[in-house]
$ cat final23.tsv   # TSV, C-alpha atoms
chain	number	residue	atom	x	y	z
A	282	MET	CA	9.59	12.44	10.95
A	283	SER	CA	8.22	10.44	8.04
A	284	VAL	CA	4.91	11.16	6.30
A	285	GLU	CA	2.30	8.43	6.64
A	286	SER	CA	1.42	6.69	3.39
A	287	PRO	CA	-2.13	7.29	2.15
A	288	TYR	CA	-2.05	3.61	1.21
A	289	ALA	CA	-0.87	2.36	4.60
A	290	ASP	CA	-4.21	0.87	5.69
A	291	LEU	CA	-4.46	-1.24	2.54
A	292	LEU	CA	-0.84	-2.34	2.72
A	293	ASP	CA	-1.12	-3.31	6.37
A	294	ARG	CA	-3.71	-5.93	5.45
A	295	ILE	CA	-1.20	-7.80	3.30
A	296	PRO	CA	1.31	-10.06	5.08
A	297	VAL	CA	4.94	-9.28	4.21
A	298	THR	CA	8.19	-11.11	4.93
A	299	GLU	CA	11.74	-9.94	4.21
A	300	ARG	CA	14.01	-12.57	2.68
A	301	VAL	CA	17.56	-12.79	1.34
A	302	SER	CA	18.86	-14.91	-1.54
A	303	GLU	CA	22.38	-15.33	-2.86
A	304	VAL	CA	22.27	-14.26	-6.52
A	305	LEU	CA	25.37	-14.09	-8.73
A	306	GLY	CA	27.52	-14.30	-5.62
A	307	SER	CA	25.89	-11.38	-3.77
A	308	PRO	CA	22.94	-11.23	-1.36
A	309	THR	CA	19.72	-9.86	-2.83
A	310	HIS	CA	17.19	-8.64	-0.28
A	311	TRP	CA	13.59	-9.15	-1.30
A	312	TRP	CA	10.13	-8.88	0.20
A	313	GLU	CA	7.34	-11.41	-0.18
A	314	TYR	CA	3.78	-10.06	-0.04
A	315	GLY	CA	0.66	-12.16	0.35
A	316	GLU	CA	0.22	-15.84	0.95
A	317	PRO	CA	2.83	-18.40	-0.21
A	318	ALA	CA	2.93	-19.31	-3.89
A	319	THR	CA	0.94	-22.32	-5.08
A	320	ALA	CA	1.20	-24.55	-8.14
A	321	GLU	CA	-2.13	-23.16	-9.39
A	322	GLY	CA	-1.31	-19.53	-8.66
A	323	THR	CA	0.75	-16.70	-10.07
A	324	THR	CA	3.77	-14.94	-8.60
A	325	LEU	CA	4.25	-11.32	-9.65
A	326	VAL	CA	7.92	-10.28	-9.54
A	327	VAL	CA	8.26	-6.49	-9.52
A	328	VAL	CA	11.39	-4.55	-10.52
A	329	HIS	CA	11.68	-0.96	-9.32
A	330	GLY	CA	13.19	1.99	-11.16
A	331	PHE	CA	16.49	3.88	-11.02
A	332	ARG	CA	17.60	5.02	-7.54
A	333	GLY	CA	14.50	3.51	-5.97
A	334	ASP	CA	13.98	0.39	-3.90
A	335	HIS	CA	11.09	-1.95	-3.09
A	336	HIS	CA	9.19	0.73	-1.15
A	337	GLY	CA	8.34	2.63	-4.33
A	338	LEU	CA	6.00	-0.04	-5.70
A	339	GLU	CA	4.23	-0.67	-2.39
A	340	PRO	CA	1.31	1.68	-3.23
A	341	VAL	CA	0.53	-0.57	-6.21
A	342	ILE	CA	1.08	-3.73	-4.15
A	343	ALA	CA	-1.38	-2.36	-1.57
A	344	HIS	CA	-4.09	-2.55	-4.24
A	345	LEU	CA	-3.27	-6.15	-5.21
A	346	PRO	CA	-4.55	-8.24	-2.29
A	347	GLY	CA	-4.66	-11.95	-2.93
A	348	ILE	CA	-1.75	-11.90	-5.38
A	349	HIS	CA	1.59	-13.43	-4.38
A	350	ILE	CA	4.17	-10.70	-5.00
A	351	VAL	CA	7.97	-10.73	-4.80
A	352	SER	CA	9.72	-7.34	-4.67
A	353	PRO	CA	13.56	-7.23	-4.60
A	354	ASP	CA	15.87	-4.30	-4.10
A	355	LEU	CA	18.05	-4.09	-7.21
A	356	PRO	CA	21.71	-4.85	-6.44
A	357	GLY	CA	23.41	-1.67	-5.27
A	358	PHE	CA	20.19	-0.02	-4.09
A	359	GLY	CA	18.13	-0.23	-0.92
A	360	ALA	CA	19.24	-3.14	1.24
A	361	SER	CA	20.92	-5.11	-1.57
A	362	PRO	CA	24.70	-4.61	-1.87
A	363	PRO	CA	26.32	-4.23	-5.29
A	364	LEU	CA	27.23	-7.19	-7.46
A	365	ASP	CA	30.92	-8.07	-7.34
A	366	PHE	CA	31.58	-9.34	-10.84
A	367	VAL	CA	28.71	-7.99	-12.94
A	368	ALA	CA	28.26	-4.43	-14.22
A	369	HIS	CA	25.25	-2.48	-12.97
A	370	ASP	CA	23.95	-1.77	-16.46
A	371	VAL	CA	21.03	-3.17	-18.44
A	372	ASP	CA	22.83	-6.37	-19.40
A	373	GLY	CA	24.07	-6.90	-15.85
A	374	TYR	CA	20.67	-6.36	-14.28
A	375	ALA	CA	18.99	-8.54	-16.92
A	376	THR	CA	21.42	-11.33	-16.04
A	377	TRP	CA	20.71	-10.79	-12.36
A	378	LEU	CA	16.92	-10.85	-12.91
A	379	GLY	CA	17.07	-14.19	-14.71
A	380	ALA	CA	19.23	-15.66	-11.93
A	381	PHE	CA	16.96	-14.20	-9.22
A	382	ILE	CA	13.82	-15.72	-10.74
A	383	ASP	CA	15.60	-19.06	-11.09
A	384	LYS	CA	16.43	-18.88	-7.38
A	385	LEU	CA	12.77	-18.36	-6.52
A	386	ASP	CA	11.88	-21.78	-7.92
A	387	SER	CA	8.22	-20.74	-7.83
A	388	PRO	CA	5.71	-23.61	-8.06
A	389	GLY	CA	3.27	-21.62	-10.21
A	390	ARG	CA	3.34	-19.19	-13.10
A	391	ILE	CA	5.57	-16.10	-12.95
A	392	VAL	CA	4.71	-12.69	-14.34
A	393	VAL	CA	7.34	-9.94	-14.19
A	394	LEU	CA	6.66	-6.22	-13.81
A	395	GLY	CA	9.15	-3.42	-14.42
A	396	HIS	CA	8.72	0.27	-13.60
A	397	SER	CA	10.71	2.97	-15.44
A	398	PHE	CA	14.34	1.77	-15.58
A	399	GLY	CA	12.95	-1.57	-14.48
A	400	SER	CA	11.00	-1.69	-17.75
A	401	ILE	CA	14.29	-1.66	-19.68
A	402	VAL	CA	15.78	-4.38	-17.48
A	403	VAL	CA	12.67	-6.55	-17.85
A	404	SER	CA	12.57	-6.03	-21.63
A	405	ALA	CA	16.22	-6.97	-21.97
A	406	ALA	CA	15.70	-10.11	-19.88
A	407	LEU	CA	12.62	-11.06	-21.93
A	408	SER	CA	14.57	-10.67	-25.18
A	409	ARG	CA	17.00	-13.25	-23.81
A	410	GLY	CA	14.19	-15.72	-23.22
A	411	LEU	CA	13.34	-15.07	-19.56
A	412	ASP	CA	11.02	-17.93	-18.60
A	413	VAL	CA	7.85	-16.11	-17.49
A	414	ALA	CA	4.20	-16.26	-18.51
A	415	ALA	CA	3.79	-12.54	-19.21
A	416	ALA	CA	5.15	-9.07	-18.44
A	417	ILE	CA	3.88	-5.68	-17.30
A	418	LEU	CA	5.71	-2.42	-17.97
A	419	VAL	CA	4.67	0.63	-15.91
A	420	ASN	CA	5.85	4.06	-17.11
A	421	PRO	CA	7.95	2.18	-19.69
A	422	ILE	CA	10.99	3.95	-21.11
A	423	ALA	CA	9.82	3.47	-24.68
A	424	ALA	CA	12.27	5.85	-26.37
A	425	PRO	CA	15.65	7.44	-25.59
A	426	ALA	CA	15.27	9.62	-22.50
A	427	LEU	CA	17.22	12.46	-24.12
A	428	ALA	CA	14.50	12.69	-26.78
A	429	GLY	CA	11.66	12.88	-24.27
A	430	PRO	CA	9.20	15.80	-23.83
A	431	ARG	CA	11.55	17.43	-21.31
A	432	GLY	CA	14.86	16.24	-22.69
A	433	ILE	CA	16.49	19.38	-21.34
A	434	LEU	CA	15.98	18.03	-17.81
A	435	THR	CA	17.61	14.77	-18.82
A	436	ARG	CA	20.57	16.69	-20.21
A	437	LEU	CA	20.86	18.59	-16.95
A	438	ALA	CA	20.80	15.25	-15.15
A	439	VAL	CA	23.64	14.05	-17.38
A	440	VAL	CA	25.70	17.10	-16.34
A	441	TYR	CA	24.82	16.43	-12.69
A	442	TYR	CA	26.00	12.82	-12.85
A	443	GLN	CA	29.10	13.78	-14.81
A	444	ALA	CA	29.97	16.24	-12.05
A	445	ALA	CA	29.41	13.54	-9.43
A	446	THR	CA	31.83	11.35	-11.38
A	447	ALA	CA	34.53	14.01	-11.74
A	448	LEU	CA	34.54	15.09	-8.10
A	449	PRO	CA	36.59	13.30	-5.42
A	450	GLU	CA	34.80	10.31	-3.88
A	451	LYS	CA	33.45	12.08	-0.79
A	452	ALA	CA	32.32	15.22	-2.62
A	453	GLY	CA	30.80	13.24	-5.49
A	454	PHE	CA	28.90	11.06	-3.04
A	455	ALA	CA	27.58	14.14	-1.23
A	456	LEU	CA	26.40	15.67	-4.50
A	457	LEU	CA	24.48	12.52	-5.41
A	458	ARG	CA	22.74	12.59	-2.04
A	459	ASN	CA	22.11	16.34	-1.96
A	460	ARG	CA	18.59	16.75	-0.55
A	461	ALA	CA	17.88	19.95	-2.48
A	462	ILE	CA	18.65	18.27	-5.81
A	463	VAL	CA	16.60	15.21	-4.84
A	464	ARG	CA	13.69	17.53	-4.06
A	465	VAL	CA	14.00	19.25	-7.45
A	466	MET	CA	13.82	15.82	-9.11
A	467	SER	CA	10.75	14.94	-7.05
A	468	VAL	CA	8.97	18.22	-7.82
A	469	SER	CA	9.69	17.91	-11.54
A	470	MET	CA	8.13	14.43	-11.74
A	471	ALA	CA	5.03	14.89	-9.56
A	472	LYS	CA	1.81	16.08	-11.24
A	473	THR	CA	-0.71	15.75	-8.42
A	474	ARG	CA	-2.24	18.83	-6.79
A	475	ASP	CA	-3.16	16.86	-3.68
A	476	LYS	CA	-0.95	18.44	-1.02
A	477	ASP	CA	-1.01	15.41	1.29
A	478	LEU	CA	-0.08	13.05	-1.54
A	479	LEU	CA	2.62	15.46	-2.68
A	480	ARG	CA	4.15	15.52	0.81
A	481	PHE	CA	4.15	11.72	0.81
A	482	ILE	CA	5.88	11.57	-2.58
A	483	HIS	CA	8.59	14.02	-1.53
A	484	ASP	CA	9.09	12.12	1.73
A	485	GLN	CA	9.47	8.85	-0.16
A	486	HIS	CA	12.15	10.35	-2.40
A	487	ASP	CA	13.89	11.95	0.59
A	488	ARG	CA	13.99	8.62	2.42
A	489	TYR	CA	14.79	6.16	-0.35
A	490	PHE	CA	16.18	7.98	-3.41
A	491	SER	CA	19.64	8.07	-1.85
A	492	ALA	CA	19.61	4.55	-0.38
A	493	PHE	CA	22.85	3.41	-1.98
A	494	ASP	CA	26.37	2.90	-0.69
A	495	ASP	CA	28.42	2.91	-3.88
A	496	ARG	CA	28.83	5.88	-6.22
A	497	ARG	CA	30.02	3.60	-9.02
A	498	VAL	CA	26.75	1.67	-9.04
A	499	VAL	CA	24.62	4.81	-9.32
A	500	LEU	CA	26.69	6.18	-12.18
A	501	GLU	CA	26.70	2.86	-14.07
A	502	ALA	CA	22.93	2.54	-13.71
A	503	PHE	CA	22.31	6.16	-14.72
A	504	ARG	CA	24.34	5.84	-17.91
A	505	ALA	CA	22.34	2.73	-18.77
A	506	SER	CA	19.02	4.45	-18.00
A	507	VAL	CA	19.59	7.28	-20.50
A	508	SER	CA	21.38	5.32	-23.22
A	509	GLN	CA	18.97	2.40	-23.67
A	510	ASP	CA	15.21	1.91	-23.77
A	511	ALA	CA	12.65	-0.88	-23.90
A	512	SER	CA	11.94	-0.50	-27.62
A	513	GLU	CA	15.41	-1.87	-28.44
A	514	TYR	CA	14.30	-5.30	-27.23
A	515	ALA	CA	10.67	-5.35	-28.37
A	516	ALA	CA	11.21	-7.44	-31.51
A	517	HIS	CA	12.54	-10.33	-29.43
A	518	VAL	CA	9.82	-10.31	-26.74
A	519	GLU	CA	7.38	-13.17	-27.28
A	520	VAL	CA	5.24	-13.21	-24.13
A	521	PRO	CA	2.08	-11.10	-23.65
A	522	VAL	CA	2.88	-7.61	-22.38
A	523	LEU	CA	0.74	-4.99	-20.65
A	524	LEU	CA	1.94	-1.40	-21.01
A	525	ILE	CA	0.68	1.10	-18.43
A	526	ALA	CA	1.68	4.58	-19.58
A	527	ALA	CA	0.91	8.17	-18.57
A	528	ASP	CA	-0.30	11.04	-20.70
A	529	ARG	CA	1.96	13.57	-18.91
A	530	ASP	CA	5.14	11.52	-18.65
A	531	ASP	CA	8.09	13.88	-19.10
A	532	ILE	CA	10.49	11.06	-19.96
A	533	THR	CA	8.59	9.19	-22.68
A	534	PRO	CA	5.84	10.78	-24.84
A	535	VAL	CA	2.59	8.90	-25.41
A	536	GLU	CA	3.39	8.60	-29.12
A	537	ALA	CA	6.46	6.49	-28.26
A	538	GLN	CA	4.31	4.26	-26.05
A	539	HIS	CA	2.02	3.58	-29.01
A	540	ARG	CA	5.05	2.74	-31.16
A	541	LEU	CA	6.30	0.33	-28.50
A	542	ASP	CA	2.85	-1.26	-28.34
A	543	GLU	CA	2.86	-1.76	-32.11
A	544	SER	CA	6.36	-3.27	-32.12
A	545	LEU	CA	5.53	-5.96	-29.56
A	546	ALA	CA	4.13	-9.26	-30.80
A	547	ASP	CA	1.37	-9.53	-28.18
A	548	SER	CA	0.61	-6.41	-26.16
A	549	ARG	CA	-2.01	-4.03	-24.91
A	550	LEU	CA	-1.59	-0.38	-23.92
A	551	HIS	CA	-3.45	1.52	-21.23
A	552	VAL	CA	-2.78	5.25	-20.86
A	553	ILE	CA	-3.64	6.88	-17.53
A	554	ASP	CA	-4.69	10.53	-17.73
A	555	GLY	CA	-3.49	13.32	-15.49
A	556	VAL	CA	-0.29	11.69	-14.27
A	557	GLY	CA	3.38	11.68	-15.23
A	558	HIS	CA	6.25	9.36	-14.40
A	559	LEU	CA	4.93	8.54	-10.93
A	560	ILE	CA	1.97	6.28	-11.71
A	561	HIS	CA	3.01	4.06	-8.81
A	562	TYR	CA	2.54	6.92	-6.34
A	563	GLU	CA	-0.24	8.99	-7.90
A	564	LYS	CA	-2.52	6.45	-9.62
A	565	PRO	CA	-1.74	3.04	-8.06
A	566	ALA	CA	-5.39	1.94	-7.89
A	567	GLU	CA	-5.93	2.43	-11.63
A	568	ALA	CA	-2.65	0.67	-12.40
A	569	ALA	CA	-3.65	-2.22	-10.12
A	570	GLU	CA	-7.04	-2.50	-11.83
A	571	GLN	CA	-5.31	-2.97	-15.18
A	572	ILE	CA	-2.82	-5.44	-13.69
A	573	ILE	CA	-5.58	-7.59	-12.20
A	574	ALA	CA	-7.54	-7.68	-15.47
A	575	PHE	CA	-4.39	-8.59	-17.39
A	576	LEU	CA	-3.42	-11.36	-14.98
A	577	ASN	CA	-6.93	-12.80	-15.20
A	578	ASP	CA	-6.60	-12.93	-18.99
A	579	VAL	CA	-3.09	-14.38	-19.32
A	580	THR	CA	-2.93	-16.61	-16.22
A	581	PRO	CA	-6.46	-17.96	-15.72
$ encode --input "final23.tsv" --output "structure tokens"
Amino acid sequence: MSVESPYADLLDRIPVTERVSEVLGSPTHWWEYGEPATAEGTTLVVVHGFRGDHHGLEPVIAHLPGIHIVSPDLPGFGASPPLDFVAHDVDGYATWLGAFIDKLDSPGRIVVLGHSFGSIVVSAALSRGLDVAAAILVNPIAAPALAGPRGILTRLAVVYYQAATALPEKAGFALLRNRAIVRVMSVSMAKTRDKDLLRFIHDQHDRYFSAFDDRRVVLEAFRASVSQDASEYAAHVEVPVLLIAADRDDITPVEAQHRLDESLADSRLHVIDGVGHLIHYEKPAEAAEQIIAFLNDVTP
């Protein structure tokens, strides 16, 4: 039995439609929130993090009524099958993101948002000249994950994924989907002391963190997530960027977020207190407040 979202009432007020587009030869499933796009309006395209799907960013979307939002499942995760001829690494996903946005053919301005691993994908796409008005990075991976405040956990994750690679297909797949390990990951990232919110977070990870059908995709994406970061692409990003970081993020320290902010040509940084790598679950209202203010500034 699933745990009801504390943001369900807000989300239920926003119309949502599931759609499918052929991108790079494979179907990408995506969800459209809000009213249809207009020539005078803005479409916010959101890119979720590693092992997640579109559900993860719904708490933030729930606090963004009136904004046209497009939320795809990354190829190989959620409802979207893997890509056939493109690697599931940063370059591959950056190529996919550009092609996906082209397919949208939105009549208005486009702003792209990336959370966690999605922040690396978005940064890579922007460095290639992705045609958008602005970008938002939530919990950006601003430095190598192995050098983060709890790099030891990242190293343990490397061992875990190496074991999943070395095992036979069935055993490796079972290890990746092991509920006890998924729960350990969830507990290590959550900072809230709200028991109801904590139950919701764990339920979300239980339900969606293993929503993949291909071990190869997960391993390709994991290697990319710990070997690259958004700062590698900062010098070639020309659009305005909003960074929404957390003061207790175990993957990227606040100091690295300030360095990323300084290395971008046009950016602003907002640090949320008392939260870690799960801003989208624990502090979605504050994140949404910053997103709305930023959109009002860059897409009047």
$ closest_residue --input "final23.tsv" --among "A:Val579, A:Val419, A:Val499, A:Met470" --to "Gln443 (chain A)" --atoms "only C-alpha atoms"
A:Val499
$ closest_residue --input "final23.tsv" --among "A:Asp412, A:Asp477, A:Asp494, A:Asp578" --to "Lys451 (chain A)" --atoms "only C-alpha atoms"
A:Asp494
$ closest_residue --input "final23.tsv" --among "A:Phe398, A:Tyr562, A:Tyr489, A:Phe454" --to "Ala423 (chain A)" --atoms "only C-alpha atoms"
A:Phe398
$ atom_distance --input "final23.tsv" --atom1 "CA of Ala444 (chain A)" --atom2 "CA of Val463 (chain A)"
15.2 Å
$ closest_residue --input "final23.tsv" --among "A:Asp365, A:Glu570, A:Glu316, A:Glu299" --to "His335 (chain A)" --atoms "only C-alpha atoms"
A:Glu299
$ atom_distance --input "final23.tsv" --atom1 "CA of Asp383 (chain A)" --atom2 "CA of Ala414 (chain A)"
13.9 Å
$ closest_residue --input "final23.tsv" --among "A:Ala380, A:Pro346, A:Ala318, A:Val522" --to "Glu303 (chain A)" --atoms "only C-alpha atoms"
A:Ala380
$ atom_distance --input "final23.tsv" --atom1 "CA of Ile525 (chain A)" --atom2 "CA of Ser544 (chain A)"
15.5 Å
$ closest_residue --input "final23.tsv" --among "A:His344, A:His336, A:His349, A:His329" --to "Val403 (chain A)" --atoms "all atoms listed in the file"
A:His329
$ residues_around --input "final23.tsv" --residues "Val326 (chain A)" --least-positions-apart "3" --cutoff "8 Å" --atoms "only C-alpha atoms" --output "list in words"
Ile350, Val351, Ser352, Ile391, Val392, Val393 and Leu394 of chain A
$ residues_near_point --input "final23.tsv" --point "(20.7, -15.2, 1.1)" --cutoff "12 Å" --atoms "only C-alpha atoms" --output "short mmCIF file (atom, residue, chain, number, x, y, z; two decimals) with C-alpha atoms, in the coordinates of the input"
data_model
loop_
_atom_site.label_atom_id
_atom_site.label_comp_id
_atom_site.auth_asym_id
_atom_site.auth_seq_id
_atom_site.Cartn_x
_atom_site.Cartn_y
_atom_site.Cartn_z
CA GLU A 299 11.74 -9.94 4.21
CA ARG A 300 14.01 -12.57 2.68
CA VAL A 301 17.56 -12.79 1.34
CA SER A 302 18.86 -14.91 -1.54
CA GLU A 303 22.38 -15.33 -2.86
CA VAL A 304 22.27 -14.26 -6.52
CA LEU A 305 25.37 -14.09 -8.73
CA GLY A 306 27.52 -14.30 -5.62
CA SER A 307 25.89 -11.38 -3.77
CA PRO A 308 22.94 -11.23 -1.36
CA THR A 309 19.72 -9.86 -2.83
CA HIS A 310 17.19 -8.64 -0.28
CA TRP A 311 13.59 -9.15 -1.30
CA SER A 361 20.92 -5.11 -1.57
CA PRO A 362 24.70 -4.61 -1.87
CA PHE A 381 16.96 -14.20 -9.22
CA LYS A 384 16.43 -18.88 -7.38
CA LEU A 385 12.77 -18.36 -6.52
#
$ residues_near_point --input "final23.tsv" --point "(24.0, -6.6, -9.1)" --cutoff "8 Å" --atoms "all atoms listed in the file" --output "PyMOL selection string"
chain A and resi 305+307+355-357+362-365+367-369+373-374+377
$ write_last_selection --input "final23.tsv" --atoms "C-alpha atoms" --output "PDB file, keeping the file's coordinate frame"
ATOM      1  CA  LEU A 305      25.370 -14.090  -8.730  1.00  0.00           C
ATOM      2  CA  SER A 307      25.890 -11.380  -3.770  1.00  0.00           C
ATOM      3  CA  LEU A 355      18.050  -4.090  -7.210  1.00  0.00           C
ATOM      4  CA  PRO A 356      21.710  -4.850  -6.440  1.00  0.00           C
ATOM      5  CA  GLY A 357      23.410  -1.670  -5.270  1.00  0.00           C
ATOM      6  CA  PRO A 362      24.700  -4.610  -1.870  1.00  0.00           C
ATOM      7  CA  PRO A 363      26.320  -4.230  -5.290  1.00  0.00           C
ATOM      8  CA  LEU A 364      27.230  -7.190  -7.460  1.00  0.00           C
ATOM      9  CA  ASP A 365      30.920  -8.070  -7.340  1.00  0.00           C
ATOM     10  CA  VAL A 367      28.710  -7.990 -12.940  1.00  0.00           C
ATOM     11  CA  ALA A 368      28.260  -4.430 -14.220  1.00  0.00           C
ATOM     12  CA  HIS A 369      25.250  -2.480 -12.970  1.00  0.00           C
ATOM     13  CA  GLY A 373      24.070  -6.900 -15.850  1.00  0.00           C
ATOM     14  CA  TYR A 374      20.670  -6.360 -14.280  1.00  0.00           C
ATOM     15  CA  TRP A 377      20.710 -10.790 -12.360  1.00  0.00           C
TER      16      TRP A 377
END
$ residues_around --input "final23.tsv" --residues "Arg474 (chain A)" --least-positions-apart "4" --cutoff "12 Å" --atoms "only C-alpha atoms" --output "VMD selection string"
chain A and resid 468 478 to 480 482 555 to 556 563
